[in-house]
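Q: Sharing entry-v2.csv here; it has CSV, C-alpha atoms and all ligand atoms.
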```csv
chain,number,residue,atom,x,y,z
A,1,MET,CA,28.1,-6.1,17.2
A,2,THR,CA,25.5,-3.4,16.7
A,3,GLN,CA,25.2,-2.5,13.1
A,4,THR,CA,25.2,1.2,12.1
A,5,ILE,CA,22.7,2.3,9.5
A,6,ALA,CA,23.0,5.7,7.7
A,7,PHE,CA,19.4,6.7,6.9
A,8,ILE,CA,19.0,9.4,4.2
A,9,GLY,CA,15.6,11.0,3.6
A,10,LEU,CA,13.6,11.3,6.8
A,11,GLY,CA,10.3,12.4,5.4
A,12,ASN,CA,6.8,11.0,5.9
A,13,MET,CA,8.0,7.5,5.2
A,14,GLY,CA,11.7,7.7,6.1
A,15,LEU,CA,11.3,8.9,9.7
A,16,PRO,CA,9.0,6.2,10.9
A,17,MET,CA,11.1,3.6,9.1
A,18,ALA,CA,14.2,4.9,10.7
A,19,THR,CA,12.4,4.9,14.1
A,20,ASN,CA,11.6,1.2,13.7
A,21,LEU,CA,15.3,0.5,13.0
A,22,ILE,CA,16.2,2.3,16.2
A,23,LYS,CA,13.6,0.4,18.2
A,24,ALA,CA,15.1,-2.9,16.8
A,25,GLY,CA,18.5,-1.9,18.2
A,26,PHE,CA,20.3,-0.6,15.2
A,27,LYS,CA,22.4,2.6,15.6
A,28,VAL,CA,20.9,5.1,13.2
A,29,LYS,CA,22.7,8.0,11.7
A,30,GLY,CA,20.2,10.3,9.9
A,31,PHE,CA,20.6,12.9,7.2
A,32,ASP,CA,18.0,15.0,5.5
A,33,LEU,CA,18.1,18.5,4.0
A,34,SER,CA,15.3,19.6,6.4
A,35,ASP,CA,16.3,20.8,9.9
A,36,ASP,CA,13.0,19.5,11.3
A,37,ALA,CA,13.6,16.0,9.9
A,38,ARG,CA,17.1,16.0,11.5
A,39,SER,CA,15.7,17.0,14.9
A,40,ALA,CA,12.9,14.4,14.6
A,41,VAL,CA,15.4,11.6,14.2
A,42,VAL,CA,17.3,12.7,17.3
A,43,ASP,CA,13.9,12.8,19.2
A,44,ALA,CA,13.4,9.2,18.0
A,45,GLY,CA,16.7,8.1,19.5
A,46,GLY,CA,19.0,8.4,16.5
A,47,GLU,CA,21.9,10.8,15.6
A,48,ALA,CA,21.7,13.6,13.1
A,49,PHE,CA,24.4,14.7,10.6
A,50,ASP,CA,24.8,17.8,8.5
A,51,THR,CA,26.2,16.0,5.4
A,52,VAL,CA,25.7,12.7,3.5
A,53,SER,CA,29.4,12.0,3.9
A,54,SER,CA,29.5,12.3,7.8
A,55,ALA,CA,26.3,10.1,8.1
A,56,VAL,CA,27.7,7.4,5.8
A,57,SER,CA,31.4,7.2,6.5
A,58,GLU,CA,31.3,4.8,9.4
A,59,ALA,CA,28.0,3.0,8.4
A,60,ASP,CA,27.7,-0.7,7.7
A,61,VAL,CA,24.4,-0.1,5.8
A,62,VAL,CA,23.0,2.9,3.9
A,63,VAL,CA,19.2,3.2,3.5
A,64,THR,CA,17.7,5.9,1.3
A,65,MET,CA,14.0,7.0,1.1
A,66,LEU,CA,14.0,9.9,-1.3
A,67,PRO,CA,11.5,11.6,-3.7
A,68,SER,CA,12.9,10.8,-7.2
A,69,GLY,CA,15.4,9.0,-9.4
A,70,ALA,CA,17.4,12.3,-10.0
A,71,ILE,CA,17.7,12.9,-6.3
A,72,VAL,CA,18.7,9.2,-5.6
A,73,LYS,CA,21.4,9.5,-8.3
A,74,ALA,CA,22.7,12.8,-6.9
A,75,VAL,CA,22.8,11.4,-3.3
A,76,TYR,CA,24.7,8.3,-4.3
A,77,GLU,CA,26.9,9.5,-7.2
A,78,GLY,CA,27.3,13.2,-6.6
A,79,GLU,CA,30.2,15.1,-5.0
A,80,GLY,CA,30.3,14.3,-1.3
A,81,GLY,CA,27.7,11.5,-1.9
A,82,VAL,CA,27.4,8.0,-0.7
A,83,PHE,CA,29.8,6.4,-3.1
A,84,ALA,CA,32.5,8.9,-2.2
A,85,SER,CA,32.2,8.3,1.5
A,86,ALA,CA,31.1,4.8,2.3
A,87,LYS,CA,33.4,2.0,3.5
A,88,PRO,CA,34.2,-0.8,1.0
A,89,GLY,CA,31.5,-3.5,1.1
A,90,THR,CA,28.8,-1.3,2.5
A,91,LEU,CA,25.3,-2.6,1.8
A,92,MET,CA,23.1,0.0,0.1
A,93,ILE,CA,19.3,-0.2,0.1
A,94,ASP,CA,17.3,2.3,-1.9
A,95,SER,CA,13.6,2.2,-0.8
A,96,SER,CA,12.5,5.2,-2.8
A,97,THR,CA,10.0,4.7,-5.6
A,98,ILE,CA,12.0,5.6,-8.7
A,99,ASP,CA,12.3,4.7,-12.4
A,100,VAL,CA,13.6,1.3,-13.2
A,101,ALA,CA,16.5,2.6,-15.4
A,102,SER,CA,17.9,4.9,-12.6
A,103,ALA,CA,17.6,2.0,-10.1
A,104,ARG,CA,19.6,-0.3,-12.4
A,105,THR,CA,22.3,2.4,-13.2
A,106,VAL,CA,22.9,3.3,-9.6
A,107,ALA,CA,23.0,-0.4,-8.5
A,108,SER,CA,25.4,-1.3,-11.2
A,109,ASN,CA,27.7,1.7,-10.4
A,110,ALA,CA,27.6,0.7,-6.7
A,111,ILE,CA,28.7,-2.9,-7.5
A,112,ASP,CA,31.4,-1.6,-9.8
A,113,LYS,CA,32.8,0.4,-6.9
A,114,GLY,CA,32.9,-2.6,-4.5
A,115,PHE,CA,29.6,-2.0,-2.7
A,116,GLU,CA,26.4,-4.2,-2.6
A,117,MET,CA,23.1,-2.7,-3.5
A,118,VAL,CA,19.4,-3.6,-3.8
A,119,ASP,CA,16.4,-1.5,-4.8
A,120,ALA,CA,13.6,-2.1,-2.2
A,121,PRO,CA,10.6,0.1,-2.9
A,122,VAL,CA,7.6,-0.4,-0.6
A,123,SER,CA,3.9,-0.5,-0.5
A,124,GLY,CA,1.9,0.2,2.7
A,125,GLY,CA,2.1,3.9,3.0
A,126,VAL,CA,2.7,6.1,6.0
A,127,GLY,CA,0.5,3.8,8.2
A,128,GLY,CA,2.6,0.7,7.2
A,129,ALA,CA,5.8,2.6,7.8
A,130,ALA,CA,4.8,3.6,11.3
A,131,ALA,CA,3.5,0.1,12.1
A,132,GLY,CA,6.5,-1.7,10.6
A,133,THR,CA,4.3,-3.6,8.3
A,134,LEU,CA,5.5,-2.4,4.9
A,135,ALA,CA,5.7,-4.8,1.9
A,136,PHE,CA,9.2,-4.6,0.4
A,137,MET,CA,9.8,-5.6,-3.2
A,138,VAL,CA,13.6,-6.2,-3.5
A,139,GLY,CA,15.7,-6.3,-6.6
A,140,GLY,CA,19.3,-7.5,-6.6
A,141,GLU,CA,21.6,-10.5,-6.2
A,142,ALA,CA,20.2,-13.3,-4.0
A,143,ALA,CA,23.1,-13.0,-1.6
A,144,THR,CA,22.6,-9.2,-1.2
A,145,PHE,CA,18.9,-9.8,-0.6
A,146,GLU,CA,19.8,-12.2,2.2
A,147,ARG,CA,22.1,-9.6,3.7
A,148,ALA,CA,19.4,-6.9,3.4
A,149,LYS,CA,16.6,-9.0,4.9
A,150,PRO,CA,17.5,-8.5,8.6
A,151,VAL,CA,17.6,-4.7,8.0
A,152,LEU,CA,14.2,-4.7,6.3
A,153,ASP,CA,12.6,-7.0,8.9
A,154,PRO,CA,11.9,-4.4,11.6
A,155,MET,CA,10.3,-2.2,8.9
A,156,GLY,CA,8.2,-4.7,7.0
A,157,ALA,CA,5.7,-7.5,7.2
A,158,LYS,CA,6.4,-8.9,3.7
A,159,ILE,CA,9.8,-9.0,2.1
A,160,VAL,CA,9.9,-10.5,-1.4
A,161,HIS,CA,12.9,-11.0,-3.7
A,162,THR,CA,11.6,-10.0,-7.1
A,163,GLY,CA,14.8,-10.7,-9.2
A,164,GLY,CA,17.8,-8.7,-10.3
A,165,SER,CA,18.5,-5.0,-9.9
A,166,GLY,CA,15.5,-2.8,-10.8
A,167,ASN,CA,13.0,-5.6,-10.4
A,168,GLY,CA,11.8,-4.2,-7.1
A,169,GLN,CA,10.8,-1.1,-8.9
A,170,ALA,CA,9.4,-3.1,-11.8
A,171,ALA,CA,7.2,-5.1,-9.5
A,172,LYS,CA,6.0,-2.0,-7.7
A,173,ILE,CA,5.0,-0.1,-10.9
A,174,CYS,CA,3.3,-3.2,-12.5
A,175,ASN,CA,1.3,-3.7,-9.3
A,176,ASN,CA,0.3,-0.1,-9.0
A,177,MET,CA,-0.7,0.2,-12.7
A,178,LEU,CA,-2.9,-2.9,-12.2
A,179,LEU,CA,-4.4,-1.2,-9.1
A,180,ALA,CA,-5.2,2.0,-11.0
A,181,ILE,CA,-6.9,0.0,-13.7
A,182,SER,CA,-8.9,-2.1,-11.3
A,183,MET,CA,-10.0,0.9,-9.2
A,184,ILE,CA,-11.2,2.7,-12.4
A,185,GLY,CA,-12.9,-0.5,-13.5
A,186,THR,CA,-14.6,-0.9,-10.1
A,187,SER,CA,-15.7,2.8,-10.2
A,188,GLU,CA,-17.1,2.5,-13.7
A,189,ALA,CA,-19.2,-0.5,-12.6
A,190,PHE,CA,-20.7,1.3,-9.6
A,191,ASN,CA,-21.4,4.4,-11.7
A,192,LEU,CA,-23.1,2.3,-14.4
A,193,GLY,CA,-25.0,0.3,-11.7
A,194,ARG,CA,-26.2,3.6,-10.1
A,195,ALA,CA,-27.4,4.9,-13.5
A,196,LEU,CA,-29.3,1.7,-14.0
A,197,GLY,CA,-31.0,1.9,-10.6
A,198,LEU,CA,-28.8,-0.8,-9.0
A,199,ASP,CA,-28.2,-0.4,-5.2
A,200,ASP,CA,-24.4,-0.1,-4.3
A,201,GLN,CA,-24.6,-2.8,-1.7
A,202,VAL,CA,-26.4,-5.2,-4.0
A,203,LEU,CA,-23.8,-4.7,-6.7
A,204,PHE,CA,-21.1,-5.2,-4.1
A,205,ASP,CA,-22.7,-8.4,-2.8
A,206,VAL,CA,-22.9,-9.8,-6.3
A,207,ALA,CA,-19.5,-8.8,-7.7
A,208,SER,CA,-17.6,-9.6,-4.5
A,209,ASN,CA,-18.8,-13.2,-4.8
A,210,ALA,CA,-18.4,-13.4,-8.6
A,211,SER,CA,-15.8,-12.9,-11.2
A,212,GLY,CA,-15.6,-9.1,-10.7
A,213,GLN,CA,-14.0,-9.7,-7.3
A,214,CYS,CA,-10.8,-7.7,-6.7
A,215,TRP,CA,-9.0,-5.7,-4.0
A,216,SER,CA,-10.3,-2.4,-5.2
A,217,LEU,CA,-13.8,-3.8,-4.6
A,218,THR,CA,-13.5,-5.8,-1.5
A,219,SER,CA,-10.8,-4.0,0.6
A,220,TYR,CA,-11.0,-0.5,-0.7
A,221,CYS,CA,-14.5,-0.1,-2.1
A,222,PRO,CA,-14.9,3.4,-3.8
A,223,VAL,CA,-18.5,3.8,-2.6
A,224,PRO,CA,-19.4,4.4,1.0
A,225,GLY,CA,-21.1,1.6,2.9
A,226,PRO,CA,-20.0,-1.9,1.8
A,227,VAL,CA,-16.4,-1.7,3.3
A,228,PRO,CA,-16.6,0.6,6.3
A,229,THR,CA,-12.8,1.2,6.5
A,230,SER,CA,-12.4,2.4,2.9
A,231,PRO,CA,-11.6,6.1,2.3
A,232,ALA,CA,-15.0,6.5,0.5
A,233,ASN,CA,-16.5,6.5,4.1
A,234,ASN,CA,-14.3,9.4,5.1
A,235,ASP,CA,-14.9,11.8,2.2
A,236,TYR,CA,-12.0,10.3,0.3
A,237,ALA,CA,-9.3,11.5,2.7
A,238,PRO,CA,-6.1,9.4,1.9
A,239,GLY,CA,-5.3,6.6,2.2
A,240,PHE,CA,-3.2,6.6,-1.0
A,241,ALA,CA,-3.3,10.1,-2.5
A,242,THR,CA,-4.0,10.6,-6.2
A,243,ALA,CA,-0.7,12.5,-6.6
A,244,LEU,CA,1.2,9.5,-5.3
A,245,MET,CA,-0.7,7.1,-7.7
A,246,LEU,CA,0.0,9.5,-10.5
A,247,LYS,CA,3.7,9.5,-9.7
A,248,ASP,CA,3.7,5.7,-9.9
A,249,LEU,CA,1.7,5.7,-13.2
A,250,LYS,CA,4.2,8.2,-14.7
A,251,LEU,CA,7.0,5.8,-13.8
A,252,ALA,CA,5.1,2.9,-15.3
A,253,MET,CA,4.5,4.9,-18.5
A,254,GLU,CA,8.3,5.7,-18.7
A,255,ALA,CA,9.0,2.0,-18.3
A,256,VAL,CA,6.3,1.1,-20.9
A,257,GLU,CA,8.1,3.4,-23.4
A,258,SER,CA,11.5,2.0,-22.6
A,259,VAL,CA,10.4,-1.6,-23.6
A,260,ASP,CA,7.7,-0.6,-26.1
A,261,ALA,CA,5.0,-2.5,-24.1
A,262,ASN,CA,1.4,-2.3,-25.1
A,263,THR,CA,-0.6,-1.0,-22.1
A,264,PRO,CA,-3.6,0.9,-23.4
A,265,LEU,CA,-5.5,0.7,-20.1
A,266,GLY,CA,-2.5,1.7,-18.1
A,267,LYS,CA,-2.1,4.8,-20.4
A,268,ALA,CA,-5.8,5.6,-20.1
A,269,SER,CA,-5.5,5.3,-16.2
A,270,ALA,CA,-2.5,7.6,-16.2
A,271,ASP,CA,-4.5,10.2,-18.3
A,272,ILE,CA,-7.5,10.0,-15.9
A,273,TYR,CA,-5.4,10.4,-12.8
A,274,SER,CA,-3.4,13.2,-14.4
A,275,ALA,CA,-6.6,15.1,-15.2
A,276,MET,CA,-7.8,14.6,-11.6
A,277,ASP,CA,-4.5,15.9,-10.3
A,278,ALA,CA,-4.5,18.9,-12.7
A,279,ASP,CA,-8.0,19.8,-11.5
A,280,GLY,CA,-6.6,20.2,-8.0
A,281,HIS,CA,-7.6,16.8,-6.5
A,282,GLY,CA,-4.0,15.4,-6.0
A,283,GLY,CA,-4.6,15.3,-2.2
A,284,MET,CA,-7.8,13.2,-2.5
A,285,ASP,CA,-7.6,9.4,-2.1
A,286,PHE,CA,-7.2,7.7,-5.5
A,287,SER,CA,-10.5,5.9,-5.0
A,288,GLY,CA,-12.1,9.4,-5.5
A,289,VAL,CA,-11.7,8.7,-9.2
A,290,ILE,CA,-15.3,7.4,-9.0
A,291,LYS,CA,-16.4,11.0,-8.6
A,292,LYS,CA,-14.1,12.2,-11.4
A,293,LEU,CA,-15.6,9.6,-13.7
A,294,ALA,CA,-19.2,10.5,-12.6
A,295,GLY,CA,-18.5,14.2,-13.5
A,296,GLU,CA,-18.8,15.2,-9.9
A,297,LEU,CA,-15.4,16.7,-9.4
B,301,LIG,P1,8.7,13.1,1.7
B,301,LIG,O1,8.7,14.2,0.7
B,301,LIG,O2,7.8,13.2,2.9
B,301,LIG,O3,10.2,12.8,2.2
B,301,LIG,C1,11.3,12.9,1.4
B,301,LIG,C2,12.4,13.4,2.2
B,301,LIG,O4,13.6,13.5,1.5
B,301,LIG,C3,12.1,14.9,2.7
B,301,LIG,O5,12.3,14.9,4.2
B,301,LIG,C4,13.2,15.7,2.0
B,301,LIG,O6,13.7,16.8,2.8
B,301,LIG,C5,14.3,14.6,1.8
B,301,LIG,N1,15.3,15.0,0.8
B,301,LIG,C6,15.0,15.4,-0.5
B,301,LIG,N2,16.1,15.6,-1.2
B,301,LIG,C7,17.1,15.2,-0.3
B,301,LIG,C8,18.6,15.1,-0.4
B,301,LIG,N3,19.2,15.5,-1.6
B,301,LIG,N4,19.3,14.7,0.6
B,301,LIG,C9,18.6,14.3,1.8
B,301,LIG,N5,17.3,14.4,2.0
B,301,LIG,C10,16.6,14.8,0.9
B,301,LIG,O7,8.3,11.8,0.8
B,301,LIG,P2,7.8,10.4,1.4
B,301,LIG,O8,6.3,10.3,1.4
B,301,LIG,O9,8.5,10.0,2.6
B,301,LIG,O10,8.2,9.4,0.2
B,301,LIG,C11,9.6,9.0,0.0
B,301,LIG,C12,9.6,7.9,-1.0
B,301,LIG,O11,8.7,6.8,-0.7
B,301,LIG,C13,9.1,8.4,-2.4
B,301,LIG,O12,9.9,7.9,-3.4
B,301,LIG,C14,7.7,7.9,-2.5
B,301,LIG,O13,7.3,7.7,-3.8
B,301,LIG,C15,7.8,6.6,-1.7
B,301,LIG,N6,6.6,6.1,-1.2
B,301,LIG,C16,5.8,7.0,-0.5
B,301,LIG,C17,4.6,6.5,0.1
B,301,LIG,C18,3.7,7.4,0.9
B,301,LIG,O14,2.5,6.9,1.2
B,301,LIG,N7,4.1,8.6,1.3
B,301,LIG,C19,4.2,5.1,-0.1
B,301,LIG,C20,5.1,4.3,-0.8
B,301,LIG,C21,6.3,4.8,-1.3
```
Since I need it in another form, could you write the structure as structure tokens?
Ligand code: NAD
A:
Amino acid sequence: MTQTIAFIGLGNMGLPMATNLIKAGFKVKGFDLSDDARSAVVDAGGEAFDTVSSAVSEADVVVTMLPSGAIVKAVYEGEGGVFASAKPGTLMIDSSTIDVASARTVASNAIDKGFEMVDAPVSGGVGGAAAGTLAFMVGGEAATFERAKPVLDPMGAKIVHTGGSGNGQAAKICNNMLLAISMIGTSEAFNLGRALGLDDQVLFDVASNASGQCWSLTSYCPVPGPVPTSPANNDYAPGFATALMLKDLKLAMEAVESVDANTPLGKASADIYSAMDADGHGGMDFSGVIKKLAGEL
């Protein structure tokens, strides 16, 4: 029998994800606060609803793709929200990037109410959402992960069970904190190399075959030339915008505080991206940090 999916949050990511579910044969009932988003899901072959409760009440699965932990909590737990309207046993998948603590609270409340829930944040951006090649990091019970997998499949290329509730969010923020640090490190190396008269391509050829090798260097090089597809070749148009990197770093720093972890480079990276954003460069690709560090922004 065709499964019905209520999809809440049809923005830059949610709409193409919902579209891939429709293409895979699911019946999609969409809800978003924006009229344009609701019309867009109808254009994509889904149905649109005016309230969370009408979208969710007959659904087998609820997927949310929303901006923040506070909004996720309100949509699930608020008056007229998902918990108040869903059928018993409904599978709930939150793919938003939110703080670990909120993800754990909402999932635990869902389970207490007789639902099943995973957090399933993504990497891959708008391009990956459109192509159905997102990477999902999924936190929750193993059996719930197995139930969620066929729903995530049409939207993703890589679906990894990362442990219990909240561990999807934990994996995502740890990865992105590492990415920020490695991009800043790569940028510092190129800036120092340039100051010492070293050619960018020469440094790339050496480091990409030596112990400095990393994704920020070989797939997303912050200087134009060595990796033709990297945003540096396109005036640092995103890609992955600085404002989105900063959002993830803020979530990482909240998590750091909650467990009293020692992450001095993570903290320094958050400060650098925060300054870049405050200077009006939030829309620039995060690899543009090389210009910030060189004093060119
Ligand atoms: P977006 O702002 O384009 O979309 C969010 C949508 O949620 C909007 O359409 C908005 O109207 C809707 N919304 C807000 N409050 C709502 C509510 N109470 N009820 C129903 N709808 C509501 O954001 P996005 O880029 O699609 O990002 C969504 C999530 O995915 C975020 O958590 C983001 O961090 C994460 N993410 C984004 C990217 C990216 O490249 N854009 C990559 C990975 C993860």
Q: Tell me which of A:Asp119, A:Asp248, A:Asp285, A:Asp277 sits closest to ligand LIG 301 (chain B), counting only C-alpha atoms and all ligand atoms.
A: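 That would be A:Asp248, the residue with the smallest distance to ligand LIG 301 (chain B).
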Q: For atom CA of Val202 of chain A and atom CA of Leu293 of chain A, quote the distance in Å rounded to one decimal.
A: 20.7 Å
Q: What residues have any atom no more than 8 Å from ligand LIG 301 (chain B) when counting all atoms listed in the file, and can you list them as number ranges by chain?
A: A: 8-15, 31-34, 37, 52, 65-68, 71-72, 74-75, 95-98, 121-127, 239-241, 244, 247-248
Q: Which of these residues is nearest to Leu297 of chain A, using all atoms listed in the file: A:Pro154, A:Pro222, A:Gly280, A:Gly30?
A: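 Closest to Leu297 of chain A of all the choices is A:Gly280.
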Q: Can you tell me which residues surround Met117 of chain A at a distance of at most 12 Å, considering only C-alpha atoms, apart from same-chain residues fewer than 2 positions away, and format the answer as a PyMOL selection string?
A: chain A and resi 61-64+76+82-83+89-95+103-115+119-120+138-148+164-166+168
Q: Extract segment 100-187 of chain A from the coordinates I pasted, and write it as a PDB file, in the first residue's frame (atoms kept: C-alpha atoms).
A:
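To be explicit, this is the file written out as decode.pdb:
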```pdb
ATOM      1  CA  VAL A 100      21.554  17.771  20.207  1.00  0.00           C
ATOM      2  CA  ALA A 101      19.603  18.486  23.425  1.00  0.00           C
ATOM      3  CA  SER A 102      16.390  19.489  21.615  1.00  0.00           C
ATOM      4  CA  ALA A 103      16.671  16.485  19.294  1.00  0.00           C
ATOM      5  CA  ARG A 104      16.943  14.142  22.295  1.00  0.00           C
ATOM      6  CA  THR A 105      14.052  15.792  24.162  1.00  0.00           C
ATOM      7  CA  VAL A 106      11.651  15.714  21.223  1.00  0.00           C
ATOM      8  CA  ALA A 107      12.524  12.079  20.363  1.00  0.00           C
ATOM      9  CA  SER A 108      12.097  10.965  23.958  1.00  0.00           C
ATOM     10  CA  ASN A 109       8.714  12.718  24.189  1.00  0.00           C
ATOM     11  CA  ALA A 110       7.667  11.135  20.873  1.00  0.00           C
ATOM     12  CA  ILE A 111       8.529   7.660  22.149  1.00  0.00           C
ATOM     13  CA  ASP A 112       6.709   8.313  25.450  1.00  0.00           C
ATOM     14  CA  LYS A 113       3.597   9.126  23.417  1.00  0.00           C
ATOM     15  CA  GLY A 114       3.743   5.865  21.436  1.00  0.00           C
ATOM     16  CA  PHE A 115       5.425   7.165  18.274  1.00  0.00           C
ATOM     17  CA  GLU A 116       8.798   6.246  16.765  1.00  0.00           C
ATOM     18  CA  MET A 117      11.362   8.928  15.997  1.00  0.00           C
ATOM     19  CA  VAL A 118      14.838   9.475  14.565  1.00  0.00           C
ATOM     20  CA  ASP A 119      16.924  12.607  14.056  1.00  0.00           C
ATOM     21  CA  ALA A 120      18.316  12.491  10.519  1.00  0.00           C
ATOM     22  CA  PRO A 121      20.231  15.664   9.651  1.00  0.00           C
ATOM     23  CA  VAL A 122      21.874  15.834   6.249  1.00  0.00           C
ATOM     24  CA  SER A 123      24.923  17.025   4.463  1.00  0.00           C
ATOM     25  CA  GLY A 124      25.008  17.679   0.739  1.00  0.00           C
ATOM     26  CA  GLY A 125      23.164  20.996   0.525  1.00  0.00           C
ATOM     27  CA  VAL A 126      20.559  22.113  -1.964  1.00  0.00           C
ATOM     28  CA  GLY A 127      22.341  20.354  -4.860  1.00  0.00           C
ATOM     29  CA  GLY A 128      22.294  17.038  -2.985  1.00  0.00           C
ATOM     30  CA  ALA A 129      18.640  17.555  -2.024  1.00  0.00           C
ATOM     31  CA  ALA A 130      17.681  18.083  -5.685  1.00  0.00           C
ATOM     32  CA  ALA A 131      19.769  15.147  -6.925  1.00  0.00           C
ATOM     33  CA  GLY A 132      18.613  12.777  -4.148  1.00  0.00           C
ATOM     34  CA  THR A 133      22.215  12.270  -3.065  1.00  0.00           C
ATOM     35  CA  LEU A 134      22.149  13.647   0.496  1.00  0.00           C
ATOM     36  CA  ALA A 135      24.116  11.967   3.278  1.00  0.00           C
ATOM     37  CA  PHE A 136      21.836  11.192   6.253  1.00  0.00           C
ATOM     38  CA  MET A 137      23.241  10.776   9.753  1.00  0.00           C
ATOM     39  CA  VAL A 138      20.544   8.973  11.697  1.00  0.00           C
ATOM     40  CA  GLY A 139      20.137   8.811  15.478  1.00  0.00           C
ATOM     41  CA  GLY A 140      17.600   6.482  17.116  1.00  0.00           C
ATOM     42  CA  GLU A 141      16.760   2.852  17.876  1.00  0.00           C
ATOM     43  CA  ALA A 142      18.116   0.306  15.353  1.00  0.00           C
ATOM     44  CA  ALA A 143      14.589  -0.891  14.504  1.00  0.00           C
ATOM     45  CA  THR A 144      13.404   2.674  13.903  1.00  0.00           C
ATOM     46  CA  PHE A 145      16.436   3.272  11.677  1.00  0.00           C
ATOM     47  CA  GLU A 146      15.433   0.224   9.592  1.00  0.00           C
ATOM     48  CA  ARG A 147      11.891   1.571   9.306  1.00  0.00           C
ATOM     49  CA  ALA A 148      13.173   5.018   8.286  1.00  0.00           C
ATOM     50  CA  LYS A 149      15.634   3.758   5.666  1.00  0.00           C
ATOM     51  CA  PRO A 150      13.165   3.159   2.783  1.00  0.00           C
ATOM     52  CA  VAL A 151      11.815   6.686   3.304  1.00  0.00           C
ATOM     53  CA  LEU A 152      15.293   8.222   3.300  1.00  0.00           C
ATOM     54  CA  ASP A 153      16.487   6.149   0.323  1.00  0.00           C
ATOM     55  CA  PRO A 154      14.922   8.273  -2.466  1.00  0.00           C
ATOM     56  CA  MET A 155      16.442  11.408  -0.911  1.00  0.00           C
ATOM     57  CA  GLY A 156      19.923  10.140  -0.109  1.00  0.00           C
ATOM     58  CA  ALA A 157      22.994   8.360  -1.391  1.00  0.00           C
ATOM     59  CA  LYS A 158      24.476   7.555   2.012  1.00  0.00           C
ATOM     60  CA  ILE A 159      22.395   6.654   5.081  1.00  0.00           C
ATOM     61  CA  VAL A 160      24.372   5.956   8.257  1.00  0.00           C
ATOM     62  CA  HIS A 161      23.051   4.826  11.657  1.00  0.00           C
ATOM     63  CA  THR A 162      25.107   6.910  14.094  1.00  0.00           C
ATOM     64  CA  GLY A 163      23.695   5.590  17.385  1.00  0.00           C
ATOM     65  CA  GLY A 164      20.871   6.603  19.729  1.00  0.00           C
ATOM     66  CA  SER A 165      18.663   9.703  19.652  1.00  0.00           C
ATOM     67  CA  GLY A 166      20.573  12.922  18.997  1.00  0.00           C
ATOM     68  CA  ASN A 167      23.602  11.105  17.593  1.00  0.00           C
ATOM     69  CA  GLY A 168      22.702  12.133  14.043  1.00  0.00           C
ATOM     70  CA  GLN A 169      22.997  15.757  15.142  1.00  0.00           C
ATOM     71  CA  ALA A 170      26.164  14.949  17.119  1.00  0.00           C
ATOM     72  CA  ALA A 171      27.818  13.376  14.044  1.00  0.00           C
ATOM     73  CA  LYS A 172      26.846  16.303  11.864  1.00  0.00           C
ATOM     74  CA  ILE A 173      28.221  19.028  14.158  1.00  0.00           C
ATOM     75  CA  CYS A 174      31.432  17.112  14.892  1.00  0.00           C
ATOM     76  CA  ASN A 175      32.015  16.665  11.139  1.00  0.00           C
ATOM     77  CA  ASN A 176      31.292  20.307  10.372  1.00  0.00           C
ATOM     78  CA  MET A 177      33.482  21.584  13.213  1.00  0.00           C
ATOM     79  CA  LEU A 178      36.304  19.477  11.742  1.00  0.00           C
ATOM     80  CA  LEU A 179      35.535  20.871   8.277  1.00  0.00           C
ATOM     81  CA  ALA A 180      35.719  24.478   9.556  1.00  0.00           C
ATOM     82  CA  ILE A 181      39.045  23.799  11.256  1.00  0.00           C
ATOM     83  CA  SER A 182      40.488  22.045   8.185  1.00  0.00           C
ATOM     84  CA  MET A 183      39.330  24.822   5.835  1.00  0.00           C
ATOM     85  CA  ILE A 184      40.928  27.454   8.044  1.00  0.00           C
ATOM     86  CA  GLY A 185      44.118  25.361   8.274  1.00  0.00           C
ATOM     87  CA  THR A 186      44.244  24.897   4.503  1.00  0.00           C
ATOM     88  CA  SER A 187      43.661  28.635   3.993  1.00  0.00           C
TER      89      SER A 187
END
```
